[in-house]
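The file my_file38.txt comes next; it holds compact mmCIF, C-alpha atoms and all ligand atoms.
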```txt
# COMPACT_ATOMS: atom_id res chain seq x y z
CA MET W 1 101.02 104.31 105.16
CA ARG W 2 102.50 102.15 102.45
CA LEU W 3 106.11 103.30 102.39
CA ASN W 4 108.97 102.06 100.23
CA PRO W 5 112.52 103.26 99.50
CA THR W 6 111.21 106.09 97.27
CA HIS W 7 109.98 107.83 100.44
CA SER W 8 113.23 107.55 102.39
CA PRO W 9 114.30 111.01 103.50
CA LYS W 10 117.89 109.82 103.27
CA ARG W 11 117.72 109.27 99.52
CA LYS W 12 119.53 111.99 97.56
CA SER W 13 119.76 112.51 93.82
CA TRP W 14 122.69 113.08 91.50
CA VAL W 15 120.54 115.98 90.23
CA GLU W 16 122.12 118.30 92.77
CA SER W 17 119.41 120.98 92.69
CA ALA W 18 116.99 118.37 94.06
CA ASN W 19 118.97 118.12 97.31
CA VAL W 20 118.89 121.82 98.13
CA GLU W 21 116.96 122.68 101.31
CA GLY W 22 113.55 124.08 100.39
CA CYS W 23 113.44 122.53 96.89
CA GLU W 24 109.82 121.65 96.04
CA PHE W 25 110.83 118.70 93.89
CA PRO W 26 113.26 116.50 95.83
CA ILE W 27 113.69 112.88 94.74
CA GLN W 28 110.88 111.87 97.13
CA ASN W 29 108.33 113.87 95.08
CA LEU W 30 108.71 113.00 91.35
CA PRO W 31 105.46 114.62 90.07
CA PHE W 32 104.29 114.06 86.49
CA GLY W 33 103.51 116.72 83.89
CA VAL W 34 103.62 117.42 80.14
CA PHE W 35 106.19 119.77 78.64
CA ARG W 36 108.16 120.82 75.61
CA ARG W 37 111.09 123.13 75.09
CA LYS W 38 110.03 126.78 74.84
CA GLY W 39 110.03 128.32 71.40
CA THR W 40 110.24 125.00 69.57
CA ASP W 41 107.73 122.92 67.69
CA GLU W 42 108.73 119.79 69.59
CA ALA W 43 105.94 117.38 70.38
CA PRO W 44 104.70 117.81 73.96
CA ARG W 45 105.48 114.75 76.09
CA GLY W 46 105.43 113.44 79.62
CA GLY W 47 108.02 114.58 82.12
CA VAL W 48 108.85 114.19 85.79
CA ALA W 49 110.08 117.16 87.82
CA ILE W 50 113.18 116.79 89.95
CA GLY W 51 115.11 119.76 91.31
CA ASP W 52 115.19 122.41 88.61
CA VAL W 53 115.00 119.98 85.67
CA ILE W 54 112.44 117.79 83.91
CA VAL W 55 113.10 114.13 83.17
CA ASP W 56 112.03 113.40 79.59
CA VAL W 57 110.43 110.17 80.79
CA ALA W 58 110.15 107.98 77.69
CA ALA W 59 113.61 108.86 76.33
CA PHE W 60 115.21 108.62 79.77
CA ALA W 61 113.62 105.21 80.36
CA ARG W 62 114.96 103.86 77.05
CA ALA W 63 118.48 105.08 77.81
CA ALA W 64 118.27 103.78 81.39
CA ARG W 65 117.05 100.41 80.05
CA LEU W 66 114.04 100.25 82.34
CA ARG W 67 112.30 96.87 82.20
CA GLY W 68 108.87 95.36 82.69
CA ALA W 69 105.99 97.42 84.01
CA ALA W 70 108.23 100.47 84.51
CA ARG W 71 109.18 100.41 80.83
CA VAL W 72 105.55 100.03 79.71
CA ALA W 73 104.53 102.91 81.97
CA ALA W 74 107.37 105.12 80.70
CA GLN W 75 106.37 104.50 77.09
CA ALA W 76 102.83 105.56 78.00
CA CYS W 77 104.30 108.98 78.82
CA ALA W 78 105.55 109.61 75.27
CA GLY W 79 102.45 111.43 74.03
CA PRO W 80 100.89 114.87 74.58
CA THR W 81 98.77 113.79 77.57
CA LEU W 82 99.30 111.41 80.48
CA ASN W 83 95.98 109.63 79.95
CA PRO W 84 97.64 106.45 78.59
CA LEU W 85 99.70 106.27 81.79
CA LEU W 86 96.60 106.84 83.94
CA GLU W 87 94.80 103.95 82.23
CA LEU W 88 97.53 101.47 83.17
CA GLY W 89 96.71 101.54 86.88
CA SER W 90 98.52 101.82 90.17
CA ALA W 91 100.92 98.87 89.81
CA HIS W 92 102.42 100.46 86.68
CA TRP W 93 102.58 103.94 88.21
CA SER W 94 104.39 102.55 91.22
CA ALA W 95 106.82 100.49 89.14
CA LEU W 96 107.75 103.61 87.12
CA ARG W 97 108.16 105.76 90.23
CA GLN W 98 110.42 103.20 91.87
CA ALA W 99 112.52 102.73 88.72
CA LEU W 100 112.92 106.49 88.19
CA SER W 101 113.82 106.99 91.84
CA ARG W 102 116.53 104.31 91.65
CA ALA W 103 117.91 105.65 88.37
CA LEU W 104 118.09 109.22 89.73
CA ALA W 105 119.47 108.29 93.16
CA MET W 106 122.98 109.09 94.22
CA GLY W 107 125.08 106.50 95.99
CA GLU W 108 123.58 103.33 94.52
CA THR W 109 125.95 101.06 92.58
CA GLY W 110 126.80 102.57 89.20
CA TRP W 111 125.19 105.95 89.88
CA GLU W 112 128.09 107.94 88.43
CA GLN W 113 127.86 106.07 85.13
CA ARG W 114 124.09 106.57 85.10
CA LYS W 115 124.55 110.29 85.69
CA ALA W 116 127.00 110.52 82.78
CA LYS W 117 124.68 108.59 80.47
CA LEU W 118 121.31 110.04 81.47
CA ALA W 119 121.98 113.74 82.10
CA GLU W 120 121.23 114.54 78.47
CA PHE W 121 117.60 113.47 79.00
CA LEU W 122 117.04 116.18 81.59
CA VAL W 123 115.55 119.48 80.37
CA PRO W 124 116.08 122.64 82.46
CA MET W 125 112.69 123.71 83.79
CA ASN W 126 113.31 127.34 82.83
CA GLU W 127 113.70 126.26 79.20
CA ALA W 128 110.40 124.38 79.15
CA GLU W 129 106.78 125.30 78.71
CA LEU W 130 104.33 123.26 80.74
CA ARG W 131 101.01 122.10 79.36
CA LEU W 132 97.80 120.72 80.78
CA PRO W 133 99.04 117.29 81.92
CA VAL W 134 95.90 115.33 81.06
CA ALA W 135 92.94 115.51 78.70
CA ILE W 136 90.15 116.16 81.19
CA GLY W 137 86.94 114.42 80.18
CA ASP W 138 84.81 115.48 83.11
CA TYR W 139 85.32 117.87 85.99
CA THR W 140 83.36 117.52 89.23
CA ASP W 141 83.62 119.98 92.09
CA PHE W 142 82.84 118.89 95.63
CA TYR W 143 82.21 120.98 98.76
CA THR W 144 84.07 118.98 101.39
CA SER W 145 85.07 121.72 103.85
CA VAL W 146 82.41 122.02 106.53
CA PHE W 147 83.98 125.32 107.61
CA HIS W 148 83.61 126.78 104.12
CA ALA W 149 80.08 125.43 103.77
CA THR W 150 79.14 126.93 107.13
CA ASN W 151 80.75 130.31 106.43
CA ILE W 152 79.04 130.60 103.04
CA GLY W 153 75.75 129.25 104.36
CA ARG W 154 75.75 131.82 107.16
CA MET W 155 75.74 134.65 104.60
CA PHE W 156 72.60 133.31 102.96
CA ARG W 157 70.89 131.66 105.96
CA PRO W 158 72.15 133.16 109.24
CA ASP W 159 69.92 130.92 111.37
CA ASN W 160 70.55 127.71 109.49
CA PRO W 161 73.96 127.90 107.80
CA LEU W 162 74.51 124.19 107.11
CA MET W 163 71.96 122.31 105.04
CA PRO W 164 70.66 119.08 106.67
CA ASN W 165 72.12 116.85 103.94
CA TYR W 166 75.71 118.08 104.43
CA LYS W 167 76.83 115.50 107.01
CA TRP W 168 75.27 112.60 105.13
CA VAL W 169 76.23 113.16 101.51
CA PRO W 170 79.40 114.62 99.96
CA ILE W 171 77.88 117.57 98.07
CA GLY W 172 79.15 118.23 94.56
CA TYR W 173 78.18 119.45 91.11
CA HIS W 174 79.33 118.82 87.58
CA GLY W 175 81.72 121.53 86.43
CA ARG W 176 83.08 122.47 83.04
CA ALA W 177 86.16 120.61 81.74
CA SER W 178 86.79 122.67 78.59
CA SER W 179 87.83 125.79 80.51
CA VAL W 180 90.31 124.13 82.86
CA VAL W 181 93.62 125.87 82.11
CA VAL W 182 97.19 125.35 83.23
CA SER W 183 99.00 127.75 85.55
CA GLY W 184 100.20 130.89 83.80
CA THR W 185 97.17 131.20 81.52
CA PRO W 186 95.66 134.72 81.91
CA VAL W 187 92.02 134.84 82.96
CA ALA W 188 89.73 137.51 81.51
CA ARG W 189 87.14 138.92 83.88
CA PRO W 190 83.88 137.25 82.86
CA ARG W 191 80.78 139.10 81.76
CA GLY W 192 77.44 137.93 82.94
CA GLN W 193 73.99 138.63 84.17
CA THR W 194 73.70 140.09 87.65
CA LYS W 195 71.02 141.70 89.71
CA ALA W 196 71.61 143.93 92.71
CA PRO W 197 69.14 143.19 95.53
CA ASP W 198 67.45 146.58 95.11
CA ALA W 199 67.41 146.58 91.28
CA VAL W 200 64.13 145.94 89.49
CA ALA W 201 65.79 143.99 86.67
CA PRO W 202 69.13 142.30 86.03
CA SER W 203 71.80 143.74 83.74
CA PHE W 204 74.61 142.23 81.69
CA GLY W 205 78.20 143.34 82.12
CA PRO W 206 81.63 142.63 83.64
CA CYS W 207 81.65 140.72 86.94
CA ARG W 208 82.14 143.06 89.90
CA ARG W 209 82.73 140.45 92.61
CA LEU W 210 85.43 138.22 91.14
CA ASP W 211 86.81 135.67 93.59
CA TYR W 212 89.02 132.59 93.74
CA GLU W 213 88.60 129.32 95.63
CA VAL W 214 91.59 127.47 97.07
CA GLU W 215 91.11 123.80 96.24
CA LEU W 216 92.94 120.63 95.38
CA GLY W 217 92.18 118.73 92.18
CA PHE W 218 92.32 114.93 92.19
CA VAL W 219 93.17 113.28 88.89
CA VAL W 220 91.36 109.99 88.30
CA GLY W 221 93.60 107.19 87.08
CA SER W 222 91.90 103.91 86.29
CA GLY W 223 88.14 104.33 86.11
CA ASN W 224 85.14 102.07 86.62
CA ARG W 225 82.70 100.59 84.12
CA LEU W 226 79.35 102.28 83.66
CA GLY W 227 76.94 100.64 86.08
CA ASP W 228 79.65 99.50 88.49
CA SER W 229 80.43 101.29 91.71
CA ILE W 230 83.79 101.76 93.44
CA PRO W 231 84.02 100.29 96.96
CA ILE W 232 85.40 102.79 99.42
CA ALA W 233 88.17 100.36 100.46
CA SER W 234 89.71 100.50 96.97
CA ALA W 235 88.72 104.07 96.05
CA LEU W 236 92.21 105.53 96.36
CA ASP W 237 93.58 102.95 93.90
CA HIS W 238 91.55 104.82 91.27
CA VAL W 239 93.26 108.16 91.91
CA PHE W 240 96.55 108.97 90.17
CA GLY W 241 97.47 112.17 91.96
CA VAL W 242 96.81 115.71 93.05
CA VAL W 243 97.13 119.21 91.59
CA LEU W 244 96.45 122.67 93.00
CA LEU W 245 93.14 123.99 91.75
CA ASN W 246 91.73 127.53 91.74
CA ASP W 247 88.01 127.55 91.08
CA TRP W 248 87.60 131.15 89.87
CA SER W 249 84.16 132.36 90.94
CA ALA W 250 82.02 135.33 89.88
CA ARG W 251 80.05 135.90 93.08
CA ASP W 252 77.58 138.42 91.68
CA ILE W 253 76.74 136.19 88.71
CA GLN W 254 76.54 133.19 91.07
CA ALA W 255 74.14 134.91 93.47
CA TRP W 256 71.64 135.58 90.67
CA GLU W 257 71.89 132.33 88.70
CA TYR W 258 72.51 129.56 91.24
CA GLN W 259 68.94 128.70 92.21
CA PRO W 260 67.56 126.15 91.67
CA LEU W 261 70.19 124.15 89.76
CA GLY W 262 73.49 125.37 91.24
CA PRO W 263 76.59 127.06 89.82
CA PHE W 264 76.80 127.57 86.06
CA LEU W 265 78.40 130.55 84.26
CA ALA W 266 79.73 131.95 87.55
CA LYS W 267 82.25 129.09 87.51
CA SER W 268 82.66 127.86 83.94
CA PHE W 269 84.75 130.74 82.54
CA ALA W 270 88.02 129.34 83.96
CA THR W 271 89.54 126.90 86.44
CA THR W 272 93.32 127.01 86.92
CA ILE W 273 95.37 123.95 87.86
CA SER W 274 99.07 123.49 88.57
CA PRO W 275 101.05 121.65 85.89
CA TRP W 276 102.61 118.96 88.11
CA ILE W 277 100.55 116.03 89.35
CA VAL W 278 101.90 114.88 92.70
CA THR W 279 101.15 111.16 92.80
CA MET W 280 99.14 109.49 95.55
CA GLU W 281 102.18 107.30 96.20
CA ALA W 282 104.32 110.37 96.87
CA LEU W 283 101.69 111.53 99.37
CA GLU W 284 101.75 108.36 101.50
CA PRO W 285 103.94 109.80 104.28
CA TYR W 286 101.51 112.67 104.83
CA ARG W 287 98.42 110.59 105.52
CA VAL W 288 96.45 111.44 108.66
CA PRO W 289 93.20 110.23 110.21
CA ALA W 290 89.94 111.26 108.57
CA PHE W 291 88.43 114.50 109.91
CA LYS W 292 87.06 113.90 113.41
CA ARG W 293 83.34 114.45 113.35
CA ALA W 294 81.79 116.45 116.14
CA GLU W 295 79.94 114.70 118.93
CA GLY W 296 76.38 114.14 117.73
CA ASP W 297 77.23 114.12 114.01
CA PRO W 298 75.89 111.08 112.17
CA ALA W 299 78.26 108.28 111.20
CA PRO W 300 78.71 107.96 107.42
CA LEU W 301 76.43 105.40 105.78
CA PRO W 302 78.08 101.99 105.34
CA HIS W 303 79.16 102.55 101.72
CA LEU W 304 81.09 105.66 102.85
CA LEU W 305 82.58 104.11 105.97
CA ASP W 306 85.80 102.14 106.02
CA ALA W 307 88.06 101.49 109.00
CA SER W 308 91.27 102.10 107.09
CA ASP W 309 89.85 105.29 105.56
CA GLN W 310 88.87 106.55 109.01
CA ALA W 311 92.33 105.69 110.36
CA GLU W 312 94.42 107.28 107.59
CA GLY W 313 92.18 108.52 104.78
CA GLY W 314 93.07 112.16 105.34
CA PHE W 315 96.05 113.93 103.80
CA SER W 316 97.92 116.78 105.43
CA ILE W 317 98.43 119.15 102.49
CA GLU W 318 99.00 122.83 103.17
CA VAL W 319 97.46 125.21 100.66
CA GLU W 320 98.10 128.93 100.36
CA MET W 321 96.80 131.77 98.24
CA TRP W 322 98.87 134.81 97.35
CA LEU W 323 97.97 138.06 95.62
CA ARG W 324 100.20 140.50 93.76
CA SER W 325 98.56 143.58 92.31
CA ALA W 326 99.79 145.52 89.29
CA ARG W 327 100.93 148.30 91.62
CA MET W 328 102.82 145.84 93.83
CA ARG W 329 104.59 144.43 90.77
CA GLU W 330 105.56 147.92 89.59
CA ALA W 331 106.89 148.76 93.07
CA GLY W 332 108.85 145.50 93.17
CA GLN W 333 106.86 144.30 96.16
CA PRO W 334 106.51 140.55 96.72
CA ALA W 335 103.16 138.83 96.66
CA HIS W 336 101.01 139.00 99.80
CA ARG W 337 99.70 135.80 101.38
CA LEU W 338 95.94 135.85 101.84
CA SER W 339 95.45 132.45 103.47
CA LEU W 340 97.01 129.23 104.69
CA GLY W 341 94.78 126.19 105.09
CA ASN W 342 95.11 122.42 105.18
CA TYR W 343 93.19 119.74 103.28
CA ALA W 344 93.15 117.62 106.46
CA SER W 345 90.44 119.95 107.81
CA CYS W 346 87.93 118.77 105.18
CA TYR W 347 84.89 116.86 106.42
CA TRP W 348 84.80 114.19 103.71
CA THR W 349 87.85 112.16 102.70
CA LEU W 350 89.03 111.72 99.13
CA ALA W 351 88.03 108.03 99.25
CA GLN W 352 84.53 108.99 100.39
CA THR W 353 84.09 111.45 97.52
CA VAL W 354 85.29 108.89 94.96
CA ALA W 355 83.08 106.11 96.37
CA HIS W 356 80.12 108.50 96.51
CA HIS W 357 80.68 109.69 92.93
CA ALA W 358 80.52 106.14 91.58
CA SER W 359 77.90 104.86 94.03
CA ASN W 360 75.08 105.31 91.49
CA GLY W 361 77.00 103.50 88.74
CA CYS W 362 78.44 106.68 87.20
CA ASN W 363 81.65 105.80 85.38
CA LEU W 364 84.80 107.73 86.25
CA ARG W 365 87.37 107.81 83.49
CA PRO W 366 91.14 108.31 83.34
CA GLY W 367 91.83 112.04 83.38
CA ASP W 368 88.64 113.06 85.15
CA LEU W 369 89.23 115.88 87.61
CA LEU W 370 87.60 115.97 91.06
CA GLY W 371 87.83 119.25 92.98
CA SER W 372 87.90 119.16 96.79
CA GLY W 373 85.83 122.30 97.15
CA THR W 374 87.15 125.41 98.84
CA ILE W 375 89.55 124.43 101.62
CA SER W 376 88.82 126.55 104.70
CA GLY W 377 89.77 125.64 108.22
CA PRO W 378 88.45 126.78 111.58
CA GLU W 379 91.36 129.14 112.30
CA PRO W 380 91.50 132.80 111.29
CA GLY W 381 93.66 133.13 108.16
CA SER W 382 92.70 129.71 106.81
CA GLN W 383 89.70 130.81 104.72
CA GLY W 384 90.13 129.80 101.09
CA ALA W 385 88.09 132.49 99.31
CA LEU W 386 87.84 136.27 99.43
CA ILE W 387 84.09 136.14 100.08
CA GLU W 388 84.89 134.43 103.40
CA ILE W 389 87.96 136.51 104.27
CA THR W 390 86.12 139.79 103.65
CA GLU W 391 82.79 138.50 105.05
CA GLY W 392 80.93 139.02 101.82
CA GLY W 393 82.89 142.15 100.83
CA ARG W 394 82.25 144.04 104.06
CA LYS W 395 85.78 143.87 105.55
CA PRO W 396 88.49 144.70 103.00
CA VAL W 397 91.93 143.05 103.16
CA ASP W 398 94.84 145.49 103.39
CA LEU W 399 97.70 144.92 100.99
CA PRO W 400 101.26 146.09 101.52
CA GLY W 401 101.65 149.39 99.68
CA GLY W 402 98.34 150.84 100.82
CA GLU W 403 95.83 149.10 98.56
CA ALA W 404 92.90 147.09 99.85
CA ARG W 405 90.75 144.36 98.33
CA THR W 406 87.28 143.04 98.82
CA PHE W 407 87.33 141.12 95.53
CA ILE W 408 89.88 140.64 92.72
CA GLU W 409 90.75 143.64 90.53
CA ASP W 410 92.09 143.70 86.99
CA GLY W 411 95.86 143.28 86.96
CA ASP W 412 95.90 141.17 90.13
CA GLU W 413 97.94 138.03 89.92
CA ILE W 414 96.51 135.22 92.06
CA VAL W 415 99.01 132.50 92.95
CA GLN W 416 98.22 129.26 94.76
CA ARG W 417 100.92 127.16 96.39
CA GLY W 418 100.97 123.94 98.37
CA ARG W 419 103.25 121.62 100.28
CA CYS W 420 103.42 118.52 102.47
CA ALA W 421 105.72 118.42 105.47
CA ARG W 422 106.09 115.91 108.27
CA ASP W 423 108.82 115.32 110.83
CA GLY W 424 111.10 112.54 109.70
CA TYR W 425 110.16 112.86 106.01
CA ALA W 426 111.08 115.05 103.08
CA THR W 427 109.09 118.22 102.45
CA ILE W 428 107.53 118.18 98.99
CA GLY W 429 105.88 121.00 97.06
CA PHE W 430 103.22 121.33 94.38
CA GLY W 431 104.67 124.22 92.38
CA GLU W 432 102.05 126.85 91.69
CA ALA W 433 98.71 127.53 90.06
CA ALA W 434 98.85 131.16 88.97
CA GLY W 435 96.64 133.39 86.88
CA LEU W 436 96.77 137.08 85.96
CA VAL W 437 93.33 138.68 85.78
CA LEU W 438 92.75 140.74 82.64
CA PRO W 439 89.96 143.25 82.02
CA ALA W 440 86.71 141.92 80.59
CA LYS W 441 86.81 141.48 76.81
CA CA K 501 84.47 125.34 94.22
```
In structure tokens, write the structure found in this file.
Amino acid sequence: MRLNPTHSPKRKSWVESANVEGCEFPIQNLPFGVFRRKGTDEAPRGGVAIGDVIVDVAAFARAARLRGAARVAAQACAGPTLNPLLELGSAHWSALRQALSRALAMGETGWEQRKAKLAEFLVPMNEAELRLPVAIGDYTDFYTSVFHATNIGRMFRPDNPLMPNYKWVPIGYHGRASSVVVSGTPVARPRGQTKAPDAVAPSFGPCRRLDYEVELGFVVGSGNRLGDSIPIASALDHVFGVVLLNDWSARDIQAWEYQPLGPFLAKSFATTISPWIVTMEALEPYRVPAFKRAEGDPAPLPHLLDASDQAEGGFSIEVEMWLRSARMREAGQPAHRLSLGNYASCYWTLAQTVAHHASNGCNLRPGDLLGSGTISGPEPGSQGALIEITEGGRKPVDLPGGEARTFIEDGDEIVQRGRCARDGYATIGFGEAAGLVLPAK
């Protein structure tokens, strides 16, 4: 762990809502996003969430007279995407985080004057609309949970659920960047080609087995040149931060189209991410050892093996999925939690996936998005997709109010949440990645 005063659980902010027990955005978090005031034609710009407000970063930094790398980094947040900030690299990100933390802290010399001067550069979150925080050039989705891979594999190959390559190579595929949307964007049920096992020919129509996948999305910061690789020891320096990611999945379309080249239209109709990028620096206190491989599993090849990564390359990040049907909303019932998992249960670390991705000379670029793959753990209740929870649609989930689900129905709102907690440190949250499913167009 590389800790500094920004991680101190004792640090409080003069933004009082940030100090309230249970707040997702205490001063130890400081996630980055892009916002503008609702109902205005203001230019979208970079912001940092704290408590129930958004720091208008570039304007705040000018008024707070930030200097040096922090000032340069803050100015890179003035535009409609955070890509210019991502390009600057980890020293600049860290300088900005530390400067913002000091300027927002209560109790440091001059804090009352700073509060009086800087409060006008805070925008109430409920008056803001949040945008996609980065321009995503490429989106890659991995498959790092061995529990998910085994559960899914068992449905297709009961005798041989896990493919022989799984424990050697972090499996992934290239996804679609253009349809990545920010939380709150409705998702229309996709249409596509499907074929029931007993049908003689496929047909085209609305998906009947619509699912979600609970994932995390890693936002690439500084990239690598085409032809160069990224050594595993420095892989995390290339990652800016983490968002919640729901990889919406049309299982019936997927089952028919996926061989031999993998997922295509079953995935590319929408991917929802949360608007706030929690930085890798904010996640330092929640590092854990890499997933412990079972006795008899192969060791990773040398380019995917690093002592420091094995010792603390995992991250303990809880992820949850919630469902609220139209009927539950009408009855005033709260959302129902479908699962609770943890990224620490994934077989491959983030550094391993980054090093693997660039190991052939493929260039990662600022704003690229890397999905973890569905996060499922070994425990009941930790499965990150309905196809696993319902065992392929055979065991429906009961909802409060008498409904049941095998897959998602029109009018369902699917809400992902996440948090990091550790004794002796602040608890930080990720906000949410939510999407309301609309009927097929
Ligand atoms: Ca996925």
Test item: residues at most 8 Å from Arg176 of chain W, all atoms listed in the file, excluding those fewer than 4 positions along its chain, as a PyMOL selection string: chain W and resi 138-140+180+268
Would you place a box with edges along x, y and z of the file around all atoms of segment 300-313 of chain W listed there, add 3 Å to each of its six sides, and report the centre and edge lengths in Å to one decimal, as lines of an AutoDock Vina configuration file?
```
center_x = 85.4
center_y = 105.0
center_z = 106.0
size_x = 24.0
size_y = 13.0
size_z = 14.6
```
Which neighbours of segment 322-325 of chain W fall inside 12 Å, counting only C-alpha atoms, when residues of the same chain fewer than 2 positions from it are skipped, and could you give them as a ChimeraX atom specification? /W:211-214,246,319-320,327-340,384-386,397-405,407-418,432-438
Taking only C-alpha atoms into account, produce a table as a Markdown table in which each residue of segment 327-388 of chain W with an atom at most 12 Å from an atom of segment 274-282 of chain W appears once, together with its shortest atom pair and the distance in Å to one decimal, ordered by chain and rising number.
```
| residue | atom | partner | partner_atom | distance |
| --- | --- | --- | --- | --- |
| W:Leu350 | CA | W:Met280 | CA | 11.0 |
| W:Ala351 | CA | W:Met280 | CA | 11.8 |
| W:Gly367 | CA | W:Ile277 | CA | 11.3 |
| W:Leu369 | CA | W:Ile277 | CA | 11.5 |
```
Write the residues of the preceding selection, restricted to C-alpha atoms, as a PDB file, keeping the file's coordinate frame.
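As a result, selection_15.pdb now contains:
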```pdb
ATOM      1  CA  LEU W 350      89.030 111.720  99.130  1.00  0.00           C
ATOM      2  CA  ALA W 351      88.030 108.030  99.250  1.00  0.00           C
ATOM      3  CA  GLY W 367      91.830 112.040  83.380  1.00  0.00           C
ATOM      4  CA  LEU W 369      89.230 115.880  87.610  1.00  0.00           C
TER       5      LEU W 369
END
```
Residues within 9 Å of ligand CA 501 (chain K) (all atoms listed in the file), as number ranges by chain? W: 141-143, 172, 212-215, 246-249, 267, 371-374
File of the preceding selection, C-alpha atoms, as a PDB file, in the coordinates of the input:
```
ATOM      1  CA  ASP W 141      83.620 119.980  92.090  1.00  0.00           C
ATOM      2  CA  PHE W 142      82.840 118.890  95.630  1.00  0.00           C
ATOM      3  CA  TYR W 143      82.210 120.980  98.760  1.00  0.00           C
ATOM      4  CA  GLY W 172      79.150 118.230  94.560  1.00  0.00           C
ATOM      5  CA  TYR W 212      89.020 132.590  93.740  1.00  0.00           C
ATOM      6  CA  GLU W 213      88.600 129.320  95.630  1.00  0.00           C
ATOM      7  CA  VAL W 214      91.590 127.470  97.070  1.00  0.00           C
ATOM      8  CA  GLU W 215      91.110 123.800  96.240  1.00  0.00           C
ATOM      9  CA  ASN W 246      91.730 127.530  91.740  1.00  0.00           C
ATOM     10  CA  ASP W 247      88.010 127.550  91.080  1.00  0.00           C
ATOM     11  CA  TRP W 248      87.600 131.150  89.870  1.00  0.00           C
ATOM     12  CA  SER W 249      84.160 132.360  90.940  1.00  0.00           C
ATOM     13  CA  LYS W 267      82.250 129.090  87.510  1.00  0.00           C
ATOM     14  CA  GLY W 371      87.830 119.250  92.980  1.00  0.00           C
ATOM     15  CA  SER W 372      87.900 119.160  96.790  1.00  0.00           C
ATOM     16  CA  GLY W 373      85.830 122.300  97.150  1.00  0.00           C
ATOM     17  CA  THR W 374      87.150 125.410  98.840  1.00  0.00           C
TER      18      THR W 374
END
```
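Minimum distance to Ala199 of chain W across W:Trp256, W:Trp168, W:Phe32, W:Tyr173 (counting only C-alpha atoms) occurs at W:Trp256.
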What are the nearest atom pairs, with distances in Å to one decimal, for all residues of segment 390-436 of chain W that come at most 12 Å from segment 50-73 of chain W, using all atoms listed in the file, set out by chain and rising residue number as a Markdown table?
```
| residue | atom | partner | partner_atom | distance |
| --- | --- | --- | --- | --- |
| W:Ile428 | CA | W:Ile50 | CA | 10.8 |
| W:Gly429 | CA | W:Gly51 | CA | 10.9 |
| W:Phe430 | CA | W:Ile50 | CA | 11.8 |
| W:Gly431 | CA | W:Asp52 | CA | 11.3 |
```
Next, dump the selected residues to file, keeping only C-alpha atoms, as a PDB file, keeping the file's coordinate frame.
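Output file result_36.pdb follows:
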```pdb
ATOM      1  CA  ILE W 428     107.530 118.180  98.990  1.00  0.00           C
ATOM      2  CA  GLY W 429     105.880 121.000  97.060  1.00  0.00           C
ATOM      3  CA  PHE W 430     103.220 121.330  94.380  1.00  0.00           C
ATOM      4  CA  GLY W 431     104.670 124.220  92.380  1.00  0.00           C
TER       5      GLY W 431
END
```
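Between atom CA of Ala188 of chain W and atom CA of Ala440 of chain W the interatomic distance comes to 5.4 Å.
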Counting all atoms listed in the file, the option among W:Ser229, W:Ala99, W:Ile273, W:Arg154 closest to Ser179 of chain W: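 Checking each candidate against Ser179 of chain W, we get W:Ile273 as the closest.
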Could you check the closest approach to Glu127 of chain W for each of W:Ser145, W:Arg37, W:Pro231, W:Leu210 and tell me which residue wins, using all atoms listed in the file?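 Among the listed residues, the smallest separation from Glu127 of chain W belongs to W:Arg37.
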To one decimal place, how far is atom CA of Gln259 of chain W from atom CA of Tyr343 of chain W in Å?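 So the answer is 28.1 Å.
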My list of candidates is W:Leu261, W:Val169, W:Ala201, W:Leu122. Which is closest to Trp348 of chain W when distances are computed with only C-alpha atoms?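 Using only C-alpha atoms, Trp348 of chain W sits closest to W:Val169.
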How many Å lie between atom CA of Arg157 of chain W and atom CA of Gly392 of chain W, rounded to one decimal?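 Straight-line distance from atom CA of Arg157 of chain W to atom CA of Gly392 of chain W works out to 13.1 Å.
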Selected residue, from W:Pro206, W:Pro124, W:Pro366, W:Pro164, that lies nearest to Pro439 of chain W when counting all atoms listed in the file: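 The closest residue to Pro439 of chain W is W:Pro206.
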For each of W:Ala74, W:Ala355, W:Val146, W:Ile375, take the minimum atom-to-atom distance to Asp306 of chain W, counting all atoms listed in the file, then give the residue where this is smallest.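 Of the candidates, the smallest distance to Asp306 of chain W is held by W:Ala355.
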Take the point (81.1, 105.8, 88.0) in the file's coordinates, draw a sphere of radius 10 Å around it, and report as a list of chain:residue names every protein, DNA or RNA residue with an atom inside or on it, counting all atoms listed in the file.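 Collected hits near the coordinates: W:Gly223, W:Asn224, W:Arg225, W:Leu226, W:Gly227, W:Asp228, W:Ser229, W:Ile230, W:Val354, W:Ala355, W:His356, W:His357, W:Ala358, W:Ser359, W:Asn360, W:Gly361, W:Cys362, W:Asn363, W:Leu364, W:Arg365.
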Might you pull out every residue within 12 Å of Ala294 of chain W, with all atoms listed in the file counted and same-chain residues fewer than 5 positions away left off, and present them as a ChimeraX atom specification? /W:146,167,299,347
Neighbouring residues of Leu162 of chain W were defined as those with any atom within 7 Å, considering only C-alpha atoms; residues of the same chain fewer than 3 positions away were excluded. Please report them as a PyMOL selection string. chain W and resi 149-150+153+166
